[in-house]
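**Q** Below you'll find final_19.cif; it's mmCIF, N, CA and C atoms.
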```cif
data_input
loop_
_atom_site.label_atom_id
_atom_site.label_comp_id
_atom_site.auth_asym_id
_atom_site.auth_seq_id
_atom_site.Cartn_x
_atom_site.Cartn_y
_atom_site.Cartn_z
N MET A 1 38.39 -64.65 43.19
CA MET A 1 39.14 -64.23 42.04
C MET A 1 40.60 -64.67 42.17
N ARG A 2 41.11 -64.66 43.39
CA ARG A 2 42.52 -65.06 43.58
C ARG A 2 42.75 -66.50 43.17
N LYS A 3 41.84 -67.39 43.55
CA LYS A 3 42.00 -68.81 43.20
C LYS A 3 41.77 -69.04 41.71
N LYS A 4 40.72 -68.42 41.20
CA LYS A 4 40.36 -68.63 39.79
C LYS A 4 41.47 -68.18 38.85
N TYR A 5 42.09 -67.01 39.13
CA TYR A 5 43.10 -66.46 38.24
C TYR A 5 44.52 -66.61 38.76
N ASN A 6 44.66 -67.25 39.92
CA ASN A 6 45.97 -67.49 40.52
C ASN A 6 46.79 -66.20 40.62
N ILE A 7 46.20 -65.21 41.32
CA ILE A 7 46.87 -63.92 41.48
C ILE A 7 47.11 -63.65 42.96
N SER A 8 48.02 -62.73 43.23
CA SER A 8 48.35 -62.38 44.61
C SER A 8 47.24 -61.52 45.21
N MET A 9 47.30 -61.34 46.52
CA MET A 9 46.33 -60.50 47.22
C MET A 9 46.42 -59.06 46.73
N GLU A 10 47.64 -58.58 46.49
CA GLU A 10 47.84 -57.22 45.99
C GLU A 10 47.18 -57.04 44.62
N GLU A 11 47.37 -58.00 43.74
CA GLU A 11 46.75 -57.92 42.40
C GLU A 11 45.23 -57.98 42.52
N HIS A 12 44.75 -58.81 43.43
CA HIS A 12 43.31 -58.95 43.66
C HIS A 12 42.70 -57.62 44.12
N LEU A 13 43.35 -56.99 45.11
CA LEU A 13 42.83 -55.73 45.64
C LEU A 13 42.88 -54.62 44.59
N GLY A 14 43.94 -54.60 43.80
CA GLY A 14 44.05 -53.61 42.73
C GLY A 14 42.95 -53.78 41.69
N ALA A 15 42.70 -55.02 41.29
CA ALA A 15 41.66 -55.29 40.30
C ALA A 15 40.28 -54.98 40.88
N GLU A 16 40.07 -55.32 42.14
CA GLU A 16 38.79 -55.06 42.79
C GLU A 16 38.51 -53.56 42.85
N ALA A 17 39.53 -52.78 43.17
CA ALA A 17 39.37 -51.33 43.25
C ALA A 17 39.00 -50.76 41.88
N LYS A 18 39.64 -51.25 40.82
CA LYS A 18 39.33 -50.77 39.47
C LYS A 18 37.91 -51.15 39.06
N ILE A 19 37.48 -52.34 39.42
CA ILE A 19 36.12 -52.79 39.09
C ILE A 19 35.09 -51.94 39.81
N LEU A 20 35.32 -51.69 41.10
CA LEU A 20 34.38 -50.87 41.87
C LEU A 20 34.32 -49.44 41.34
N TRP A 21 35.47 -48.89 40.94
CA TRP A 21 35.49 -47.53 40.39
C TRP A 21 34.71 -47.50 39.07
N ALA A 22 34.92 -48.49 38.22
CA ALA A 22 34.22 -48.54 36.93
C ALA A 22 32.71 -48.65 37.12
N LYS A 23 32.29 -49.40 38.12
CA LYS A 23 30.85 -49.52 38.39
C LYS A 23 30.27 -48.21 38.92
N SER A 24 31.07 -47.48 39.68
CA SER A 24 30.61 -46.22 40.25
C SER A 24 30.52 -45.11 39.21
N TYR A 25 31.37 -45.17 38.21
CA TYR A 25 31.44 -44.13 37.17
C TYR A 25 31.33 -44.77 35.79
N PRO A 26 30.15 -45.28 35.44
CA PRO A 26 30.02 -46.01 34.17
C PRO A 26 30.22 -45.15 32.93
N HIS A 27 30.03 -43.84 33.06
CA HIS A 27 30.16 -42.99 31.89
C HIS A 27 31.51 -42.30 31.81
N ALA A 28 32.39 -42.58 32.76
CA ALA A 28 33.70 -41.93 32.77
C ALA A 28 34.57 -42.51 31.65
N LYS A 29 35.21 -41.63 30.92
CA LYS A 29 36.11 -42.05 29.86
C LYS A 29 37.46 -41.42 30.13
N GLY A 30 38.50 -42.11 29.74
CA GLY A 30 39.84 -41.61 29.98
C GLY A 30 40.21 -40.45 29.07
N SER A 31 41.31 -39.80 29.41
CA SER A 31 41.79 -38.70 28.59
C SER A 31 42.64 -39.22 27.44
N ILE A 32 42.65 -38.47 26.35
CA ILE A 32 43.42 -38.84 25.17
C ILE A 32 44.33 -37.67 24.81
N LEU A 33 45.58 -37.97 24.58
CA LEU A 33 46.55 -36.99 24.12
C LEU A 33 46.78 -37.23 22.64
N ILE A 34 46.56 -36.19 21.83
CA ILE A 34 46.81 -36.27 20.39
C ILE A 34 48.04 -35.42 20.10
N VAL A 35 49.02 -36.01 19.43
CA VAL A 35 50.27 -35.32 19.12
C VAL A 35 50.45 -35.30 17.60
N ASP A 36 50.42 -34.10 17.03
CA ASP A 36 50.59 -33.94 15.59
C ASP A 36 51.03 -32.52 15.31
N ASP A 37 51.85 -32.33 14.29
CA ASP A 37 52.32 -30.99 13.96
C ASP A 37 51.34 -30.23 13.06
N GLU A 38 50.29 -30.89 12.58
CA GLU A 38 49.29 -30.22 11.74
C GLU A 38 48.06 -29.87 12.57
N ARG A 39 47.81 -28.57 12.69
CA ARG A 39 46.70 -28.09 13.52
C ARG A 39 45.35 -28.60 13.03
N SER A 40 45.17 -28.75 11.73
CA SER A 40 43.88 -29.21 11.21
C SER A 40 43.57 -30.63 11.66
N ILE A 41 44.59 -31.46 11.72
CA ILE A 41 44.39 -32.83 12.20
C ILE A 41 44.07 -32.82 13.69
N LEU A 42 44.80 -32.01 14.46
CA LEU A 42 44.53 -31.90 15.90
C LEU A 42 43.10 -31.44 16.14
N ALA A 43 42.67 -30.42 15.42
CA ALA A 43 41.32 -29.88 15.61
C ALA A 43 40.26 -30.89 15.23
N SER A 44 40.43 -31.55 14.11
CA SER A 44 39.44 -32.51 13.62
C SER A 44 39.29 -33.70 14.58
N LEU A 45 40.41 -34.31 14.94
CA LEU A 45 40.35 -35.47 15.85
C LEU A 45 39.82 -35.06 17.22
N SER A 46 40.29 -33.93 17.71
CA SER A 46 39.86 -33.45 19.01
C SER A 46 38.35 -33.23 19.05
N LEU A 47 37.83 -32.56 18.06
CA LEU A 47 36.39 -32.29 17.99
C LEU A 47 35.59 -33.58 17.97
N HIS A 48 36.02 -34.52 17.14
CA HIS A 48 35.29 -35.79 17.01
C HIS A 48 35.30 -36.57 18.33
N LEU A 49 36.44 -36.65 18.98
CA LEU A 49 36.53 -37.40 20.24
C LEU A 49 35.77 -36.71 21.37
N LYS A 50 35.80 -35.38 21.40
CA LYS A 50 35.07 -34.65 22.43
C LYS A 50 33.56 -34.86 22.29
N LYS A 51 33.08 -35.00 21.07
CA LYS A 51 31.65 -35.28 20.84
C LYS A 51 31.23 -36.58 21.51
N HIS A 52 32.18 -37.49 21.64
CA HIS A 52 31.90 -38.79 22.25
C HIS A 52 32.24 -38.85 23.73
N GLY A 53 32.51 -37.69 24.32
CA GLY A 53 32.68 -37.61 25.77
C GLY A 53 34.09 -37.77 26.29
N TYR A 54 35.07 -37.80 25.40
CA TYR A 54 36.45 -37.95 25.87
C TYR A 54 37.05 -36.60 26.25
N ASP A 55 37.94 -36.63 27.21
CA ASP A 55 38.73 -35.46 27.59
C ASP A 55 39.96 -35.50 26.69
N VAL A 56 40.09 -34.51 25.82
CA VAL A 56 41.16 -34.51 24.82
C VAL A 56 42.14 -33.38 25.09
N VAL A 57 43.42 -33.71 25.01
CA VAL A 57 44.49 -32.74 25.14
C VAL A 57 45.32 -32.87 23.87
N THR A 58 45.79 -31.74 23.33
CA THR A 58 46.57 -31.80 22.10
C THR A 58 47.94 -31.16 22.30
N ALA A 59 48.89 -31.62 21.48
CA ALA A 59 50.24 -31.06 21.47
C ALA A 59 50.74 -31.05 20.04
N GLU A 60 51.42 -29.95 19.67
CA GLU A 60 51.96 -29.82 18.31
C GLU A 60 53.42 -30.26 18.20
N SER A 61 54.01 -30.67 19.32
CA SER A 61 55.40 -31.13 19.29
C SER A 61 55.61 -32.22 20.33
N VAL A 62 56.69 -32.95 20.14
CA VAL A 62 57.05 -34.00 21.09
C VAL A 62 57.38 -33.39 22.45
N GLU A 63 58.07 -32.25 22.43
CA GLU A 63 58.46 -31.60 23.68
C GLU A 63 57.23 -31.21 24.50
N LYS A 64 56.24 -30.60 23.83
CA LYS A 64 55.01 -30.20 24.52
C LYS A 64 54.27 -31.44 25.02
N ALA A 65 54.24 -32.50 24.22
CA ALA A 65 53.57 -33.74 24.62
C ALA A 65 54.22 -34.32 25.87
N MET A 66 55.56 -34.32 25.93
CA MET A 66 56.24 -34.86 27.10
C MET A 66 55.93 -34.03 28.34
N GLU A 67 55.81 -32.73 28.17
CA GLU A 67 55.45 -31.85 29.27
C GLU A 67 54.05 -32.19 29.79
N LEU A 68 53.11 -32.37 28.87
CA LEU A 68 51.73 -32.69 29.24
C LEU A 68 51.64 -34.06 29.91
N ILE A 69 52.40 -35.02 29.41
CA ILE A 69 52.40 -36.36 30.00
C ILE A 69 52.92 -36.31 31.43
N GLY A 70 53.93 -35.48 31.66
CA GLY A 70 54.48 -35.32 33.01
C GLY A 70 53.49 -34.71 33.98
N GLN A 71 52.63 -33.83 33.48
CA GLN A 71 51.64 -33.17 34.34
C GLN A 71 50.46 -34.09 34.65
N ASN A 72 49.97 -34.79 33.64
CA ASN A 72 48.78 -35.62 33.81
C ASN A 72 48.80 -36.72 32.74
N PRO A 73 49.31 -37.90 33.07
CA PRO A 73 49.41 -38.98 32.07
C PRO A 73 48.03 -39.36 31.49
N PRO A 74 47.92 -39.40 30.16
CA PRO A 74 46.65 -39.75 29.54
C PRO A 74 46.44 -41.26 29.52
N ALA A 75 45.20 -41.66 29.25
CA ALA A 75 44.89 -43.08 29.12
C ALA A 75 45.34 -43.61 27.77
N LEU A 76 45.37 -42.71 26.77
CA LEU A 76 45.72 -43.11 25.40
C LEU A 76 46.46 -41.97 24.71
N ILE A 77 47.44 -42.31 23.90
CA ILE A 77 48.16 -41.32 23.11
C ILE A 77 48.01 -41.67 21.64
N LEU A 78 47.55 -40.70 20.84
CA LEU A 78 47.50 -40.84 19.39
C LEU A 78 48.58 -39.92 18.84
N SER A 79 49.51 -40.48 18.07
CA SER A 79 50.65 -39.68 17.62
C SER A 79 50.88 -39.81 16.13
N ASP A 80 51.34 -38.71 15.56
CA ASP A 80 51.82 -38.69 14.19
C ASP A 80 53.08 -39.56 14.13
N LEU A 81 53.44 -40.01 12.95
CA LEU A 81 54.66 -40.80 12.80
C LEU A 81 55.86 -39.96 12.40
N MET A 82 55.62 -38.82 11.75
CA MET A 82 56.72 -37.98 11.30
C MET A 82 56.52 -36.55 11.78
N PHE A 83 57.53 -36.02 12.45
CA PHE A 83 57.51 -34.64 12.91
C PHE A 83 58.56 -33.85 12.13
N PRO A 84 58.37 -32.54 11.95
CA PRO A 84 59.29 -31.75 11.12
C PRO A 84 60.73 -31.67 11.63
N ASP A 85 60.95 -31.86 12.91
CA ASP A 85 62.32 -31.75 13.45
C ASP A 85 63.11 -33.05 13.35
N GLY A 86 62.60 -34.01 12.57
CA GLY A 86 63.31 -35.27 12.37
C GLY A 86 62.98 -36.34 13.39
N VAL A 87 62.22 -36.01 14.40
CA VAL A 87 61.80 -36.99 15.41
C VAL A 87 60.65 -37.81 14.82
N THR A 88 60.70 -39.10 15.00
CA THR A 88 59.61 -39.95 14.51
C THR A 88 58.66 -40.31 15.64
N GLY A 89 57.52 -40.81 15.28
CA GLY A 89 56.56 -41.28 16.28
C GLY A 89 57.14 -42.40 17.12
N LEU A 90 58.02 -43.20 16.51
CA LEU A 90 58.66 -44.30 17.24
C LEU A 90 59.67 -43.76 18.27
N ASP A 91 60.35 -42.67 17.92
CA ASP A 91 61.25 -42.02 18.89
C ASP A 91 60.45 -41.50 20.08
N PHE A 92 59.32 -40.89 19.76
CA PHE A 92 58.43 -40.37 20.80
C PHE A 92 57.94 -41.50 21.70
N TYR A 93 57.56 -42.61 21.07
CA TYR A 93 57.11 -43.79 21.83
C TYR A 93 58.20 -44.24 22.81
N GLN A 94 59.44 -44.28 22.36
CA GLN A 94 60.54 -44.70 23.22
C GLN A 94 60.74 -43.73 24.39
N LYS A 95 60.58 -42.43 24.13
CA LYS A 95 60.69 -41.44 25.20
C LYS A 95 59.60 -41.66 26.25
N VAL A 96 58.40 -41.94 25.79
CA VAL A 96 57.29 -42.17 26.72
C VAL A 96 57.54 -43.43 27.53
N ARG A 97 58.00 -44.48 26.89
CA ARG A 97 58.27 -45.75 27.58
C ARG A 97 59.35 -45.60 28.64
N ASN A 98 60.35 -44.76 28.36
CA ASN A 98 61.44 -44.56 29.32
C ASN A 98 60.97 -43.71 30.48
#
```
Mind turning the file's structure into structure tokens?
**A**
Amino acid sequence: MRKKYNISMEEHLGAEAKILWAKSYPHAKGSILIVDDERSILASLSLHLKKHGYDVVTAESVEKAMELIGQNPPALILSDLMFPDGVTGLDFYQKVRN
């Protein structure tokens, strides 16, 4: 793999570990954090994703979402674009990136 993709030994070992883990746990799915100020949307999306085997965590505010991300970073974040306190989904994205 190192020669074929021209990667370092560290990158090779990291990729190999991920491949072996995926083969060992073929049904494992990552966690998803849903951030929205509307409870009905949180409940609906959460229920649908849980039916498909995902571990879903929800937050009704950016502050709560940042707290949850600090405790256990999710594999995917689904976020509203407009929050009532004037914070946008893009502001939230920048906070997560930082």
**Q** From (60.2, -43.8, 25.6), in the file's coordinates, out to 12 Å: which residues are reached, counting only C-alpha atoms? Answer as a list of chain:residue names.
**A**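 Those within range, by chain then number, are A:Val62, A:Met66, A:Ile69, A:Thr88, A:Gly89, A:Leu90, A:Asp91, A:Phe92, A:Tyr93, A:Gln94, A:Lys95, A:Val96, A:Arg97, A:Asn98.
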**Q** Determine the residue set returned by the PyMOL selection byres ((chain A and resi 33-46) around 7) for the present structure, and present it as a PyMOL selection string.
**A** chain A and resi 31-32+47-51+55-62+65+74-80+82-84
**Q** If I take atom C of A:Ala15 and atom N of A:Arg2, how far is one from the other in Å, to one decimal?
**A** 10.0 Å
**Q** Extending 5 Å beyond the listed atoms of stretch 60-69 of chain A on each side, what axis-aligned box results? I want centre and edge lengths in Å to one decimal, as JSON.
**A**
```
{"center_x": 54.9, "center_y": -33.1, "center_z": 24.8, "size_x": 17.0, "size_y": 16.5, "size_z": 23.2}
```
**Q** Please compute the atom C of A:Glu63-atom N of A:Gly30 distance, one decimal, in Å.
**A**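 Computing it gives 22.3 Å between the two atoms.
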**Q** Have a look at atom CA of A:Lys3 and atom CA of A:Ile19 and let me know their distance in Å, one decimal.
**A** 17.6 Å
**Q** Could you pull out all residues of chain A with a DSSP call of strand (DSSP E) and give them as a PDB file with N, CA and C atoms, in the frame of the given file?
**A**
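So part-v2.pdb came out as:
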```
ATOM      1  N   SER A  31      41.310 -39.800  29.410  1.00  0.00           N
ATOM      2  CA  SER A  31      41.790 -38.700  28.590  1.00  0.00           C
ATOM      3  C   SER A  31      42.640 -39.220  27.440  1.00  0.00           C
ATOM      4  N   ILE A  32      42.650 -38.470  26.350  1.00  0.00           N
ATOM      5  CA  ILE A  32      43.420 -38.840  25.170  1.00  0.00           C
ATOM      6  C   ILE A  32      44.330 -37.670  24.810  1.00  0.00           C
ATOM      7  N   LEU A  33      45.580 -37.970  24.580  1.00  0.00           N
ATOM      8  CA  LEU A  33      46.550 -36.990  24.120  1.00  0.00           C
ATOM      9  C   LEU A  33      46.780 -37.230  22.640  1.00  0.00           C
ATOM     10  N   ILE A  34      46.560 -36.190  21.830  1.00  0.00           N
ATOM     11  CA  ILE A  34      46.810 -36.270  20.390  1.00  0.00           C
ATOM     12  C   ILE A  34      48.040 -35.420  20.100  1.00  0.00           C
ATOM     13  N   VAL A  35      49.020 -36.010  19.430  1.00  0.00           N
ATOM     14  CA  VAL A  35      50.270 -35.320  19.120  1.00  0.00           C
ATOM     15  C   VAL A  35      50.450 -35.300  17.600  1.00  0.00           C
ATOM     16  N   ASP A  55      37.940 -36.630  27.210  1.00  0.00           N
ATOM     17  CA  ASP A  55      38.730 -35.460  27.590  1.00  0.00           C
ATOM     18  C   ASP A  55      39.960 -35.500  26.690  1.00  0.00           C
ATOM     19  N   VAL A  56      40.090 -34.510  25.820  1.00  0.00           N
ATOM     20  CA  VAL A  56      41.160 -34.510  24.820  1.00  0.00           C
ATOM     21  C   VAL A  56      42.140 -33.380  25.090  1.00  0.00           C
ATOM     22  N   VAL A  57      43.420 -33.710  25.010  1.00  0.00           N
ATOM     23  CA  VAL A  57      44.490 -32.740  25.140  1.00  0.00           C
ATOM     24  C   VAL A  57      45.320 -32.870  23.870  1.00  0.00           C
ATOM     25  N   THR A  58      45.790 -31.740  23.330  1.00  0.00           N
ATOM     26  CA  THR A  58      46.570 -31.800  22.100  1.00  0.00           C
ATOM     27  C   THR A  58      47.940 -31.160  22.300  1.00  0.00           C
ATOM     28  N   ALA A  59      48.890 -31.620  21.480  1.00  0.00           N
ATOM     29  CA  ALA A  59      50.240 -31.060  21.470  1.00  0.00           C
ATOM     30  C   ALA A  59      50.740 -31.050  20.040  1.00  0.00           C
ATOM     31  N   LEU A  76      45.370 -42.710  26.770  1.00  0.00           N
ATOM     32  CA  LEU A  76      45.720 -43.110  25.400  1.00  0.00           C
ATOM     33  C   LEU A  76      46.460 -41.970  24.710  1.00  0.00           C
ATOM     34  N   ILE A  77      47.440 -42.310  23.900  1.00  0.00           N
ATOM     35  CA  ILE A  77      48.160 -41.320  23.110  1.00  0.00           C
ATOM     36  C   ILE A  77      48.010 -41.670  21.640  1.00  0.00           C
ATOM     37  N   LEU A  78      47.550 -40.700  20.840  1.00  0.00           N
ATOM     38  CA  LEU A  78      47.500 -40.840  19.390  1.00  0.00           C
ATOM     39  C   LEU A  78      48.580 -39.920  18.840  1.00  0.00           C
ATOM     40  N   SER A  79      49.510 -40.480  18.070  1.00  0.00           N
ATOM     41  CA  SER A  79      50.650 -39.680  17.620  1.00  0.00           C
ATOM     42  C   SER A  79      50.880 -39.810  16.130  1.00  0.00           C
TER      43      SER A  79
END
```
**Q** Could stretch 74-85 of chain A be completed with all heavy atoms and returned as a compact mmCIF listing (two decimals), in the frame of the given file?
**A**
```txt
# COMPACT_ATOMS: atom_id res chain seq x y z
N PRO A 74 47.92 -39.40 30.16
CA PRO A 74 46.65 -39.75 29.54
C PRO A 74 46.44 -41.26 29.52
O PRO A 74 47.37 -42.04 29.72
CB PRO A 74 46.83 -39.23 28.11
CG PRO A 74 48.29 -39.36 27.86
CD PRO A 74 48.95 -39.05 29.19
N ALA A 75 45.20 -41.66 29.25
CA ALA A 75 44.89 -43.08 29.12
C ALA A 75 45.34 -43.61 27.77
O ALA A 75 45.67 -44.78 27.62
CB ALA A 75 43.39 -43.30 29.30
N LEU A 76 45.37 -42.71 26.77
CA LEU A 76 45.72 -43.11 25.40
C LEU A 76 46.46 -41.97 24.71
O LEU A 76 46.12 -40.80 24.92
CB LEU A 76 44.44 -43.44 24.61
CG LEU A 76 44.59 -43.78 23.13
CD1 LEU A 76 45.26 -45.14 22.96
CD2 LEU A 76 43.23 -43.78 22.46
N ILE A 77 47.44 -42.31 23.90
CA ILE A 77 48.16 -41.32 23.11
C ILE A 77 48.01 -41.67 21.64
O ILE A 77 48.31 -42.80 21.23
CB ILE A 77 49.66 -41.27 23.47
CG1 ILE A 77 49.85 -40.91 24.94
CG2 ILE A 77 50.39 -40.29 22.57
CD1 ILE A 77 51.29 -41.04 25.42
N LEU A 78 47.55 -40.70 20.84
CA LEU A 78 47.50 -40.84 19.39
C LEU A 78 48.58 -39.92 18.84
O LEU A 78 48.57 -38.72 19.10
CB LEU A 78 46.14 -40.42 18.84
CG LEU A 78 44.93 -41.21 19.31
CD1 LEU A 78 43.65 -40.61 18.77
CD2 LEU A 78 45.05 -42.66 18.89
N SER A 79 49.51 -40.48 18.07
CA SER A 79 50.65 -39.68 17.62
C SER A 79 50.88 -39.81 16.13
O SER A 79 50.68 -40.87 15.54
CB SER A 79 51.91 -40.15 18.36
OG SER A 79 53.05 -39.50 17.86
N ASP A 80 51.34 -38.71 15.56
CA ASP A 80 51.82 -38.69 14.19
C ASP A 80 53.08 -39.56 14.13
O ASP A 80 53.73 -39.79 15.15
CB ASP A 80 52.14 -37.23 13.82
CG ASP A 80 52.39 -37.04 12.34
OD1 ASP A 80 52.31 -38.01 11.57
OD2 ASP A 80 52.66 -35.89 11.95
N LEU A 81 53.44 -40.01 12.95
CA LEU A 81 54.66 -40.80 12.80
C LEU A 81 55.86 -39.96 12.40
O LEU A 81 57.00 -40.33 12.65
CB LEU A 81 54.47 -41.93 11.80
CG LEU A 81 53.61 -43.09 12.29
CD1 LEU A 81 53.44 -44.13 11.19
CD2 LEU A 81 54.22 -43.74 13.51
N MET A 82 55.62 -38.82 11.75
CA MET A 82 56.72 -37.98 11.30
C MET A 82 56.52 -36.55 11.78
O MET A 82 55.48 -35.96 11.53
CB MET A 82 56.82 -37.99 9.78
CG MET A 82 57.15 -39.36 9.19
SD MET A 82 58.71 -40.05 9.77
CE MET A 82 59.87 -38.91 9.10
N PHE A 83 57.53 -36.02 12.45
CA PHE A 83 57.51 -34.64 12.91
C PHE A 83 58.56 -33.85 12.13
O PHE A 83 59.57 -34.42 11.69
CB PHE A 83 57.77 -34.57 14.41
CG PHE A 83 56.67 -35.16 15.24
CD1 PHE A 83 56.73 -36.48 15.66
CD2 PHE A 83 55.55 -34.42 15.56
CE1 PHE A 83 55.71 -37.03 16.42
CE2 PHE A 83 54.52 -34.96 16.31
CZ PHE A 83 54.60 -36.27 16.73
N PRO A 84 58.37 -32.54 11.95
CA PRO A 84 59.29 -31.75 11.12
C PRO A 84 60.73 -31.67 11.63
O PRO A 84 61.64 -31.48 10.85
CB PRO A 84 58.64 -30.35 11.10
CG PRO A 84 57.70 -30.31 12.22
CD PRO A 84 57.29 -31.72 12.50
N ASP A 85 60.95 -31.86 12.91
CA ASP A 85 62.32 -31.75 13.45
C ASP A 85 63.11 -33.05 13.35
O ASP A 85 64.15 -33.20 13.97
CB ASP A 85 62.28 -31.24 14.89
CG ASP A 85 61.41 -32.10 15.79
OD1 ASP A 85 60.87 -33.12 15.32
OD2 ASP A 85 61.27 -31.75 16.97
```
